[in-house]
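Content type compact mmCIF, C-alpha atoms and all ligand atoms, from the file query.txt:
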# COMPACT_ATOMS: atom_id res chain seq x y z
CA MET T 54 91.34 84.56 97.48
CA SER T 55 92.60 86.70 94.57
CA GLN T 56 93.86 85.04 91.38
CA LYS T 57 97.33 83.54 91.93
CA ARG T 58 99.69 83.65 88.92
CA ILE T 59 101.36 80.25 88.54
CA ALA T 60 104.63 79.42 86.76
CA ILE T 61 104.80 75.72 85.93
CA PHE T 62 108.36 74.57 85.34
CA GLY T 63 108.00 71.13 83.73
CA SER T 64 104.42 71.62 82.51
CA THR T 65 104.46 68.69 80.06
CA GLY T 66 105.26 66.07 82.71
CA SER T 67 103.04 63.98 84.95
CA ILE T 68 102.94 66.61 87.73
CA GLY T 69 102.77 69.51 85.25
CA THR T 70 99.78 68.16 83.33
CA GLN T 71 97.89 67.28 86.53
CA ALA T 72 98.56 70.79 87.84
CA LEU T 73 97.04 72.20 84.66
CA GLU T 74 93.94 70.05 85.24
CA VAL T 75 93.67 71.54 88.74
CA ILE T 76 94.08 75.06 87.35
CA ALA T 77 91.58 74.47 84.53
CA ALA T 78 88.98 73.56 87.15
CA ASN T 79 89.77 76.70 89.19
CA THR T 80 90.32 79.54 86.71
CA ASP T 81 88.79 81.99 89.19
CA LYS T 82 91.67 81.22 91.59
CA PHE T 83 94.66 80.63 89.31
CA SER T 84 96.14 81.91 86.06
CA VAL T 85 99.07 80.37 84.17
CA GLU T 86 101.97 82.72 83.46
CA VAL T 87 104.83 80.35 82.59
CA LEU T 88 104.95 76.92 80.95
CA THR T 89 108.18 75.02 80.24
CA ALA T 90 109.11 71.78 78.47
CA GLN T 91 112.37 70.17 77.49
CA THR T 92 111.49 68.35 74.24
CA ASN T 93 107.72 67.93 74.07
CA ASP T 94 106.99 70.84 71.73
CA GLU T 95 103.58 69.53 70.61
CA LEU T 96 102.14 69.41 74.12
CA LEU T 97 103.77 72.71 75.10
CA ILE T 98 102.14 74.44 72.10
CA GLN T 99 98.78 72.88 72.91
CA GLN T 100 99.03 73.97 76.57
CA ALA T 101 100.12 77.48 75.58
CA LEU T 102 97.22 77.94 73.17
CA HIS T 103 94.81 76.76 75.85
CA PHE T 104 96.15 78.64 78.90
CA ASN T 105 97.62 81.73 77.19
CA PRO T 106 100.66 82.23 79.46
CA ASN T 107 102.98 85.22 79.41
CA VAL T 108 106.08 83.11 78.60
CA VAL T 109 106.94 79.60 77.45
CA VAL T 110 110.36 77.94 77.49
CA ILE T 111 111.33 75.07 75.21
CA GLY T 112 114.64 73.61 76.41
CA ASP T 113 115.58 71.86 73.17
CA GLU T 114 116.83 74.67 70.91
CA ARG T 115 116.05 72.67 67.75
CA LYS T 116 112.36 72.96 68.60
CA TYR T 117 112.40 76.71 69.21
CA GLN T 118 111.36 77.80 65.71
CA LYS T 119 108.44 75.38 65.60
CA VAL T 120 107.10 76.64 68.93
CA LYS T 121 107.68 80.27 67.92
CA ASP T 122 105.81 79.78 64.62
CA ALA T 123 102.92 77.97 66.27
CA LEU T 124 102.45 80.82 68.77
CA SER T 125 103.14 83.67 66.31
CA LYS T 126 99.52 84.86 66.34
CA THR T 127 99.58 85.27 70.13
CA ASP T 128 101.42 87.60 72.56
CA ILE T 129 103.16 84.64 74.22
CA LYS T 130 106.93 85.10 74.48
CA VAL T 131 109.03 82.06 73.57
CA PHE T 132 112.44 81.41 75.15
CA THR T 133 115.08 78.76 74.65
CA SER T 134 118.80 78.24 75.56
CA GLU T 135 120.45 76.80 78.61
CA SER T 136 119.95 79.85 80.81
CA ALA T 137 116.33 80.52 79.75
CA LEU T 138 114.78 78.69 82.72
CA GLU T 139 116.76 80.77 85.19
CA GLU T 140 116.04 84.01 83.30
CA VAL T 141 112.32 83.32 83.39
CA ALA T 142 112.43 82.27 87.06
CA ALA T 143 113.99 85.67 87.80
CA MET T 144 111.10 87.59 86.17
CA ASP T 145 108.46 89.35 88.18
CA ILE T 146 105.52 87.86 86.29
CA TYR T 147 104.30 85.15 88.67
CA ASP T 148 103.29 84.62 92.31
CA LEU T 149 104.20 80.95 92.78
CA MET T 150 106.51 78.51 91.00
CA LEU T 151 105.46 74.90 90.68
CA ALA T 152 108.85 73.17 90.46
CA ALA T 153 107.91 70.09 88.42
CA ILE T 154 111.03 69.53 86.31
CA VAL T 155 112.53 66.09 86.89
CA GLY T 156 116.04 65.64 88.29
CA TYR T 157 119.02 67.90 88.89
CA ALA T 158 117.88 70.21 86.05
CA GLY T 159 115.26 71.62 88.44
CA LEU T 160 117.78 72.96 90.95
CA LYS T 161 118.95 76.22 89.33
CA PRO T 162 115.53 77.58 88.31
CA THR T 163 114.16 76.76 91.77
CA LEU T 164 117.05 78.58 93.48
CA GLN T 165 116.41 81.51 91.17
CA ALA T 166 112.72 81.65 92.12
CA ILE T 167 113.68 81.69 95.80
CA GLU T 168 116.20 84.48 95.24
CA ASN T 169 113.44 86.30 93.38
CA GLY T 170 111.27 86.04 96.52
CA LYS T 171 108.72 83.72 94.91
CA PRO T 172 107.08 80.94 96.93
CA VAL T 173 107.80 77.47 95.54
CA ALA T 174 105.47 74.48 95.39
CA LEU T 175 108.14 71.80 95.23
CA ALA T 176 107.62 68.52 93.39
CA ASN T 177 111.26 68.30 92.27
CA LYS T 178 112.69 66.41 95.26
CA GLU T 179 116.13 66.14 93.63
CA THR T 180 116.60 69.87 94.32
CA LEU T 181 116.61 69.19 98.07
CA VAL T 182 118.57 65.96 97.76
CA VAL T 183 121.38 67.74 95.91
CA ALA T 184 121.66 70.99 97.87
CA GLY T 185 118.96 71.00 100.55
CA ASP T 186 120.99 73.01 103.06
CA ILE T 187 121.62 75.86 100.62
CA VAL T 188 118.09 75.83 99.18
CA MET T 189 116.41 75.97 102.62
CA GLN T 190 118.88 78.59 103.90
CA LYS T 191 118.12 80.81 100.90
CA ALA T 192 114.41 80.27 101.41
CA LEU T 193 114.79 81.37 105.04
CA GLU T 194 116.84 84.44 104.13
CA ASN T 195 114.33 85.47 101.46
CA ARG T 196 111.31 84.54 103.64
CA VAL T 197 110.05 82.30 100.87
CA PRO T 198 107.81 79.34 101.73
CA VAL T 199 108.73 75.98 100.19
CA ILE T 200 105.48 74.01 100.05
CA PRO T 201 105.86 70.29 99.40
CA VAL T 202 103.98 68.60 96.55
CA ASP T 203 105.40 65.11 97.07
CA SER T 204 102.46 63.24 98.63
CA GLU T 205 104.37 62.06 101.73
CA HIS T 206 105.72 65.51 102.47
CA SER T 207 102.40 67.14 101.75
CA ALA T 208 100.92 64.71 104.29
CA ILE T 209 103.50 65.69 106.92
CA PHE T 210 103.03 69.37 106.09
CA GLN T 211 99.26 68.98 106.55
CA CYS T 212 99.76 67.12 109.85
CA LEU T 213 101.90 70.03 111.08
CA VAL T 214 99.25 72.71 110.52
CA GLY T 215 98.50 74.20 113.95
CA GLU T 216 101.48 72.47 115.60
CA THR T 217 104.13 75.21 115.37
CA ARG T 218 104.81 75.12 119.12
CA ASN T 219 105.09 71.34 119.28
CA LYS T 220 108.23 69.34 118.66
CA ILE T 221 108.28 66.46 116.19
CA GLU T 222 109.56 63.21 117.68
CA LYS T 223 109.73 61.54 114.30
CA VAL T 224 108.08 61.36 110.90
CA ILE T 225 107.04 58.10 109.29
CA LEU T 226 107.13 58.07 105.51
CA THR T 227 104.87 55.48 103.95
CA ALA T 228 105.93 53.60 100.81
CA SER T 229 103.79 51.37 98.62
CA GLY T 230 106.75 49.03 98.14
CA GLY T 231 106.46 49.38 94.36
CA PRO T 232 105.77 46.64 91.81
CA PHE T 233 108.44 44.28 93.24
CA ARG T 234 107.49 44.26 96.91
CA GLY T 235 108.39 40.90 98.45
CA LYS T 236 110.63 39.92 95.53
CA LYS T 237 114.22 38.77 96.03
CA PRO T 238 117.45 39.46 94.05
CA ASN T 239 117.10 36.28 91.96
CA PHE T 240 113.86 37.76 90.57
CA LEU T 241 115.06 41.38 90.37
CA VAL T 242 118.14 40.51 88.35
CA ASN T 243 115.93 39.70 85.36
CA VAL T 244 113.53 42.63 85.65
CA LYS T 245 113.15 44.59 82.41
CA ARG T 246 112.29 48.23 81.80
CA ASP T 247 108.64 47.74 80.82
CA HIS T 248 107.85 45.67 83.91
CA ALA T 249 109.57 48.19 86.21
CA LEU T 250 107.55 51.01 84.61
CA GLN T 251 104.27 49.53 85.91
CA HIS T 252 103.59 50.98 89.35
CA PRO T 253 100.66 49.42 91.28
CA ASN T 254 99.18 52.63 92.79
CA TRP T 255 100.56 55.73 91.06
CA THR T 256 100.97 56.87 87.43
CA MET T 257 104.09 59.03 87.24
CA GLY T 258 106.99 60.05 84.99
CA ALA T 259 109.50 57.35 83.98
CA LYS T 260 112.35 58.38 86.30
CA ILE T 261 110.34 58.43 89.53
CA THR T 262 108.56 55.21 88.53
CA ILE T 263 111.91 53.41 88.31
CA ASP T 264 113.00 55.06 91.58
CA SER T 265 109.82 53.69 93.16
CA ALA T 266 110.57 50.18 91.88
CA THR T 267 114.10 50.25 93.39
CA LEU T 268 112.92 52.10 96.56
CA MET T 269 115.48 54.82 95.78
CA ASN T 270 112.49 57.15 95.66
CA LYS T 271 111.85 56.57 99.37
CA GLY T 272 115.51 57.21 100.14
CA LEU T 273 115.39 60.50 98.21
CA GLU T 274 112.23 61.34 100.16
CA MET T 275 113.97 60.74 103.49
CA ILE T 276 116.59 63.30 102.49
CA GLU T 277 113.86 65.63 101.21
CA ALA T 278 112.07 65.33 104.58
CA LYS T 279 115.25 66.14 106.50
CA TRP T 280 115.53 69.53 104.80
CA LEU T 281 111.84 70.41 104.57
CA PHE T 282 111.13 69.73 108.23
CA ASN T 283 114.59 70.32 109.74
CA LEU T 284 114.95 66.75 111.08
CA LYS T 285 117.85 64.59 112.16
CA PRO T 286 118.34 61.35 110.18
CA ASP T 287 117.15 59.19 113.10
CA GLN T 288 113.85 61.10 113.21
CA ILE T 289 112.90 59.79 109.76
CA GLN T 290 111.45 56.29 109.45
CA VAL T 291 110.04 54.38 106.48
CA VAL T 292 107.22 51.88 106.61
CA ILE T 293 105.81 49.87 103.72
CA HIS T 294 102.06 50.43 103.39
CA PRO T 295 100.93 48.73 100.17
CA GLN T 296 97.46 50.34 99.99
CA SER T 297 98.89 53.90 99.77
CA ILE T 298 95.99 55.34 101.78
CA ILE T 299 98.01 56.81 104.65
CA HIS T 300 100.32 59.23 102.85
CA SER T 301 102.63 59.69 105.87
CA MET T 302 102.54 60.40 109.60
CA VAL T 303 104.02 62.64 112.26
CA GLN T 304 104.66 61.43 115.79
CA PHE T 305 104.80 64.19 118.41
CA GLU T 306 106.59 64.21 121.78
CA ASP T 307 103.53 62.91 123.62
CA GLY T 308 103.48 59.83 121.38
CA SER T 309 100.45 61.00 119.45
CA LEU T 310 100.53 60.05 115.77
CA LYS T 311 98.84 62.20 113.16
CA ALA T 312 98.26 60.77 109.67
CA GLN T 313 96.95 62.30 106.48
CA MET T 314 94.87 59.90 104.41
CA GLY T 315 93.09 59.69 101.10
CA LEU T 316 93.09 57.91 97.77
CA PRO T 317 96.43 57.95 95.95
CA ASP T 318 95.92 60.86 93.54
CA MET T 319 98.63 63.49 93.05
CA LYS T 320 96.04 66.11 92.10
CA LEU T 321 95.21 66.50 95.80
CA PRO T 322 98.71 67.42 97.07
CA ILE T 323 99.24 69.55 93.93
CA GLN T 324 96.01 71.44 94.58
CA TYR T 325 96.83 71.81 98.28
CA ALA T 326 100.24 73.33 97.45
CA LEU T 327 98.81 75.70 94.83
CA GLY T 328 95.96 76.83 97.04
CA PHE T 329 97.79 76.84 100.40
CA PRO T 330 96.70 77.86 103.00
CA TYR T 331 93.22 77.25 101.60
CA ARG T 332 91.62 73.93 100.78
CA ILE T 333 89.61 73.97 97.58
CA GLN T 334 86.39 72.03 96.98
CA ASN T 335 86.70 69.45 94.19
CA ASP T 336 85.09 66.36 92.71
CA PHE T 337 88.05 63.98 93.03
CA PRO T 338 86.95 60.42 93.92
CA ARG T 339 86.51 59.95 97.68
CA PHE T 340 87.91 57.17 99.85
CA ASN T 341 85.41 54.41 100.56
CA PHE T 342 85.83 52.17 103.61
CA LYS T 343 83.87 49.40 101.88
CA SER T 344 86.44 49.04 99.10
CA VAL T 345 89.54 49.24 101.34
CA SER T 346 88.81 47.38 104.57
CA THR T 347 92.40 46.73 105.67
CA LEU T 348 95.45 48.91 106.01
CA THR T 349 98.70 46.96 106.45
CA PHE T 350 102.29 47.86 107.36
CA GLU T 351 105.65 46.10 106.87
CA GLU T 352 109.34 46.80 107.42
CA PRO T 353 111.17 47.77 104.22
CA ASP T 354 113.57 45.09 102.94
CA VAL T 355 116.78 47.15 102.67
CA LYS T 356 118.89 44.03 102.08
CA THR T 357 117.11 43.35 98.80
CA PHE T 358 116.33 46.94 97.90
CA ARG T 359 119.85 48.20 98.53
CA ASN T 360 119.20 51.59 96.95
CA LEU T 361 117.16 52.52 100.02
CA GLY T 362 120.04 51.43 102.24
CA LEU T 363 122.48 53.53 100.19
CA ALA T 364 120.24 56.57 100.45
CA MET T 365 120.04 56.06 104.23
CA GLU T 366 123.86 55.99 104.32
CA ALA T 367 124.03 59.20 102.29
CA LEU T 368 121.46 60.81 104.59
CA ALA T 369 123.51 59.86 107.68
CA LYS T 370 126.80 60.95 106.11
CA GLY T 371 125.50 64.31 104.88
CA GLY T 372 127.78 66.78 103.05
CA ASN T 373 127.90 66.16 99.31
CA MET T 374 127.06 62.43 99.66
CA PRO T 375 123.33 62.82 98.78
CA CYS T 376 124.40 64.88 95.75
CA ILE T 377 126.73 62.03 94.65
CA LEU T 378 123.96 59.48 95.24
CA ASN T 379 121.50 61.53 93.19
CA ALA T 380 123.84 62.11 90.24
CA ALA T 381 124.85 58.46 90.01
CA ASN T 382 121.22 57.40 90.33
CA GLU T 383 120.08 59.68 87.51
CA ILE T 384 122.76 58.23 85.21
CA ALA T 385 121.87 54.67 86.28
CA VAL T 386 118.11 55.11 85.86
CA TYR T 387 118.43 56.58 82.35
CA ALA T 388 120.84 53.74 81.39
CA PHE T 389 118.29 51.21 82.68
CA LEU T 390 115.49 52.97 80.77
CA ARG T 391 117.59 52.64 77.59
CA ASN T 392 118.13 48.92 78.35
CA ARG T 393 121.87 49.49 78.76
CA ILE T 394 122.13 48.00 82.27
CA GLY T 395 120.10 45.61 84.41
CA PHE T 396 117.84 46.40 87.37
CA LEU T 397 120.39 45.45 90.05
CA ASP T 398 123.24 47.16 88.16
CA MET T 399 121.66 50.49 89.09
CA THR T 400 122.65 49.87 92.71
CA GLU T 401 126.22 48.94 91.69
CA VAL T 402 126.60 52.21 89.80
CA VAL T 403 125.35 54.25 92.74
CA GLU T 404 127.45 52.40 95.33
CA GLN T 405 130.68 52.56 93.33
CA THR T 406 130.19 56.26 92.62
CA MET T 407 129.57 56.97 96.31
CA ASN T 408 132.84 55.16 97.12
CA ARG T 409 134.83 57.03 94.48
CA ILE T 410 133.91 60.74 94.54
CA SER T 411 135.66 62.91 97.15
CA PHE T 412 133.59 63.64 100.22
CA ILE T 413 133.06 67.28 101.23
CA GLU T 414 131.57 67.97 104.62
CA SER T 415 130.08 71.45 104.01
CA PRO T 416 130.03 72.10 100.27
CA THR T 417 129.44 75.48 98.65
CA LEU T 418 126.94 75.69 95.82
CA GLU T 419 129.82 75.59 93.30
CA GLU T 420 131.13 72.45 95.00
CA TYR T 421 127.71 70.84 94.69
CA TYR T 422 127.71 71.65 90.94
CA ASP T 423 131.22 70.17 90.61
CA THR T 424 130.27 67.10 92.64
CA ASP T 425 127.27 66.51 90.39
CA GLY T 426 129.46 66.75 87.27
CA GLU T 427 132.17 64.45 88.63
CA ALA T 428 129.70 61.87 89.89
CA ARG T 429 127.88 61.82 86.55
CA SER T 430 131.08 61.29 84.54
CA PHE T 431 132.26 58.53 86.85
CA ALA T 432 128.87 56.78 86.86
CA ALA T 433 128.71 57.04 83.05
CA SER T 434 132.22 55.56 82.75
CA LEU T 435 131.05 52.51 84.73
CA ILE T 436 128.21 51.94 82.31
CA GLN T 437 130.36 52.12 79.19
CA MET T 438 132.58 49.31 80.50
P1 LIG S 1 108.05 63.77 84.05
O1 LIG S 1 109.21 63.04 83.46
O2 LIG S 1 106.69 63.28 83.76
O3 LIG S 1 108.11 65.31 83.61
C1 LIG S 1 109.28 66.06 83.74
C2 LIG S 1 109.09 67.47 83.22
O4 LIG S 1 110.39 68.11 83.23
C3 LIG S 1 108.61 67.56 81.77
O5 LIG S 1 107.92 68.75 81.58
C4 LIG S 1 109.94 67.57 80.99
O6 LIG S 1 109.83 68.13 79.69
C5 LIG S 1 110.78 68.44 81.89
N1 LIG S 1 112.22 68.16 81.77
C6 LIG S 1 112.81 66.95 81.65
N2 LIG S 1 114.15 67.08 81.60
C7 LIG S 1 114.40 68.41 81.66
C8 LIG S 1 115.60 69.18 81.63
N3 LIG S 1 116.81 68.61 81.50
N4 LIG S 1 115.49 70.51 81.71
C9 LIG S 1 114.29 71.12 81.85
N5 LIG S 1 113.11 70.44 81.88
C10 LIG S 1 113.18 69.09 81.79
O7 LIG S 1 108.31 63.83 85.61
P2 LIG S 1 107.23 63.85 86.80
O8 LIG S 1 106.19 64.86 86.51
O9 LIG S 1 106.84 62.48 87.13
O10 LIG S 1 108.15 64.34 88.01
C11 LIG S 1 108.58 65.69 88.15
C12 LIG S 1 109.23 65.84 89.52
O11 LIG S 1 108.23 65.66 90.51
C13 LIG S 1 110.31 64.81 89.82
O12 LIG S 1 111.33 65.39 90.55
C14 LIG S 1 109.60 63.75 90.66
O13 LIG S 1 110.46 63.10 91.55
C15 LIG S 1 108.60 64.62 91.41
N6 LIG S 1 107.40 63.90 91.83
C16 LIG S 1 106.58 63.34 90.90
C17 LIG S 1 105.44 62.64 91.27
C18 LIG S 1 104.51 62.08 90.25
O14 LIG S 1 103.45 61.56 90.62
N7 LIG S 1 104.81 62.13 88.98
C19 LIG S 1 105.12 62.44 92.70
C20 LIG S 1 106.03 63.10 93.60
C21 LIG S 1 107.12 63.80 93.17
P3 LIG S 1 109.48 67.15 78.41
O15 LIG S 1 108.10 66.65 78.64
O16 LIG S 1 109.59 68.06 77.25
O17 LIG S 1 110.52 66.07 78.46
MG MG S 2 106.33 60.59 97.08

Translate this file's structure into structure tokens.
Amino acid sequence: MSQKRIAIFGSTGSIGTQALEVIAANTDKFSVEVLTAQTNDELLIQQALHFNPNVVVIGDERKYQKVKDALSKTDIKVFTSESALEEVAAMDIYDLMLAAIVGYAGLKPTLQAIENGKPVALANKETLVVAGDIVMQKALENRVPVIPVDSEHSAIFQCLVGETRNKIEKVILTASGGPFRGKKPNFLVNVKRDHALQHPNWTMGAKITIDSATLMNKGLEMIEAKWLFNLKPDQIQVVIHPQSIIHSMVQFEDGSLKAQMGLPDMKLPIQYALGFPYRIQNDFPRFNFKSVSTLTFEEPDVKTFRNLGLAMEALAKGGNMPCILNAANEIAVYAFLRNRIGFLDMTEVVEQTMNRISFIESPTLEEYYDTDGEARSFAASLIQM
């Protein structure tokens, strides 16, 4: 395996920093060519000095000079401005993009990488939720593999190795249930930001941690699975599995179920996506049957966790509905994180926005961009009231 040149978009986040740990342990296999951050200049500078990439991007223009000065003794090029991420994604300086930006902001650079013929290791699920049809079509046209990083989708992807001739009957996405599994609305109504930020099994960025607490994350993952594996909505099922040992399953036409298992640690799916098709030896902690003797499964409670129900509706409806759901959810989650709205209000914002924004059956990319903008403004107007 020759050295693969990696571009990490969103290097200062939870996925980005874990990817750098994987790379640091495998410098014979990977080099770092691009690092990007939005506001975290300190960490970006530290990462750049350590990994010596070709280019860094700092999204926040006010931080540009500081990053530039800190890297002035190196050959590292420093970019900023709104279009910088796309410009860098279009460069021929890397072999694989790790798409680890959070939210809608990850869409355009990822599309650019695909148009540039670069394989994508995709953590940024919102990209597929917003415009999955266009993203996967472009990937097909450009013969670019999209390798999932999300643990559930990585599990399915791993279960599908060697099964190209066999039809999938359905996929079963596992969900931990989050910190409020079993709770009812009378409890959830009083949930505050800091409590919702404590996930039982995974340590992740703030946005996905809140999405996991509301189960919106699992809804976004159902939509992500539809596009990654070319499935119909009724082929995608969710089961609550609190131990997070089975990362997801595929059921084939003969009824056989394949599962991928392991301890909940994102470094494994990140490493698998970076190294694909090779598995790489590592010293990550191993699963021990003595410490986890029982694996349990439950139905998700979509009546209480209505965000999952709304995402299922958006999945079934198709068109620009998942894009509307995603935009409203991003606005709602950031409002909740700033203590502007309550836990259950997030669902209200998403539902009302889905009811308000015009439905388009087969949107163009421009129409997806417009839908995102309209849904955001409407969702924001609900919060100001
Ligand atoms: P984090 O919030 O930890 O990191 C996000 C990264 O994106 C940071 O580098 C951040 O920069 C950058 N960023 C934030 N906003 C913008 C913007 N507007 N433009 C450009 N860059 C931006 O997120 P996670 O690492 O947790 O998640 C990243 C993606 O991976 C998400 O889509 C998430 O759903 C998905 N994912 C994450 C998992 C996890 O375990 N964390 C598991 C499965 C999927 P800065 O630090 O400067 O703000
Ligand atoms: Mg996941």

**Request:** Collect all residues with atoms no farther than 7 Å from ligand MG 2 (chain S), counting all atoms listed in the file, and output them as a VMD selection string.
**Result:** chain T and resid 203 to 205 274

Near-stretch 225-240 of chain T list (7 Å; only C-alpha atoms; drop same-chain fewer than 4 positions) as a PDB file with C-alpha atoms, keeping the file's coordinate frame:
ATOM      1  CA  GLU T 205     104.370  62.060 101.730  1.00  0.00           C
ATOM      2  CA  VAL T 244     113.530  42.630  85.650  1.00  0.00           C
ATOM      3  CA  ALA T 249     109.570  48.190  86.210  1.00  0.00           C
ATOM      4  CA  GLN T 251     104.270  49.530  85.910  1.00  0.00           C
ATOM      5  CA  HIS T 252     103.590  50.980  89.350  1.00  0.00           C
ATOM      6  CA  PRO T 253     100.660  49.420  91.280  1.00  0.00           C
ATOM      7  CA  SER T 265     109.820  53.690  93.160  1.00  0.00           C
ATOM      8  CA  ALA T 266     110.570  50.180  91.880  1.00  0.00           C
ATOM      9  CA  LYS T 271     111.850  56.570  99.370  1.00  0.00           C
ATOM     10  CA  ILE T 289     112.900  59.790 109.760  1.00  0.00           C
ATOM     11  CA  GLN T 290     111.450  56.290 109.450  1.00  0.00           C
ATOM     12  CA  VAL T 291     110.040  54.380 106.480  1.00  0.00           C
ATOM     13  CA  VAL T 292     107.220  51.880 106.610  1.00  0.00           C
ATOM     14  CA  ILE T 293     105.810  49.870 103.720  1.00  0.00           C
ATOM     15  CA  HIS T 294     102.060  50.430 103.390  1.00  0.00           C
ATOM     16  CA  PRO T 295     100.930  48.730 100.170  1.00  0.00           C
ATOM     17  CA  GLN T 296      97.460  50.340  99.990  1.00  0.00           C
ATOM     18  CA  SER T 297      98.890  53.900  99.770  1.00  0.00           C
ATOM     19  CA  HIS T 300     100.320  59.230 102.850  1.00  0.00           C
ATOM     20  CA  SER T 301     102.630  59.690 105.870  1.00  0.00           C
ATOM     21  CA  MET T 302     102.540  60.400 109.600  1.00  0.00           C
ATOM     22  CA  VAL T 303     104.020  62.640 112.260  1.00  0.00           C
ATOM     23  CA  THR T 357     117.110  43.350  98.800  1.00  0.00           C
TER      24      THR T 357
END

**T:Ile410, T:Leu102, T:Leu250, T:Ala123 ranked by distance to ligand LIG 1 (chain S), top pick (using all atoms listed in the file)** = T:Leu250

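The spacing separating atom CA of T:Thr267 from atom CA of T:Asn360 amounts to 6.4 Å.
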
**Request:** Kindly work out which residues sit at most 7 Å from ligand LIG 1 (chain S), using all atoms listed in the file, and give the list as a ChimeraX atom specification.
**Result:** /T:62-69,89-94,112,153-156,158-159,176-179,202-204,255-261,319

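Restricting the calculation to all atoms listed in the file, the smallest distance between T:Ile76 and any of T:Val120, T:Ile61, T:Leu361, T:Val188 is found for T:Ile61.
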
**Fill in**
Correct to one decimal, the distance atom CA of T:Met407-atom CA of T:Lys370 is 10.9 Å

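A straight line drawn from atom CA of T:Ile129 to atom CA of T:Ile167 is 24.2 Å long.
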
**Asked** Which one of T:Phe104, T:Arg429, T:Thr133, T:Phe210 sits closest to T:Gln118 if you count all atoms listed in the file?
**Response** T:Thr133

**Asked** Residues at most 8 Å from T:Lys171, counting all atoms listed in the file, excluding those fewer than 6 positions away in the same chain, as a ChimeraX atom specification?
**Response** /T:147-150,197

**Message:** Show me, as an MDAnalysis selection string, the residues that have an atom within 8 Å of T:Ala428 when counting all atoms listed in the file, minus same-chain residues fewer than 2 positions from it.
**Reply:** chainID T and resid 377 380:381 406 410 424:426 430:432

**Asked** Which residue, T:Val403, T:Ile298, T:Leu97, T:Leu241, has the smallest gap to T:Arg339 when you use all atoms listed in the file?
**Response** T:Ile298
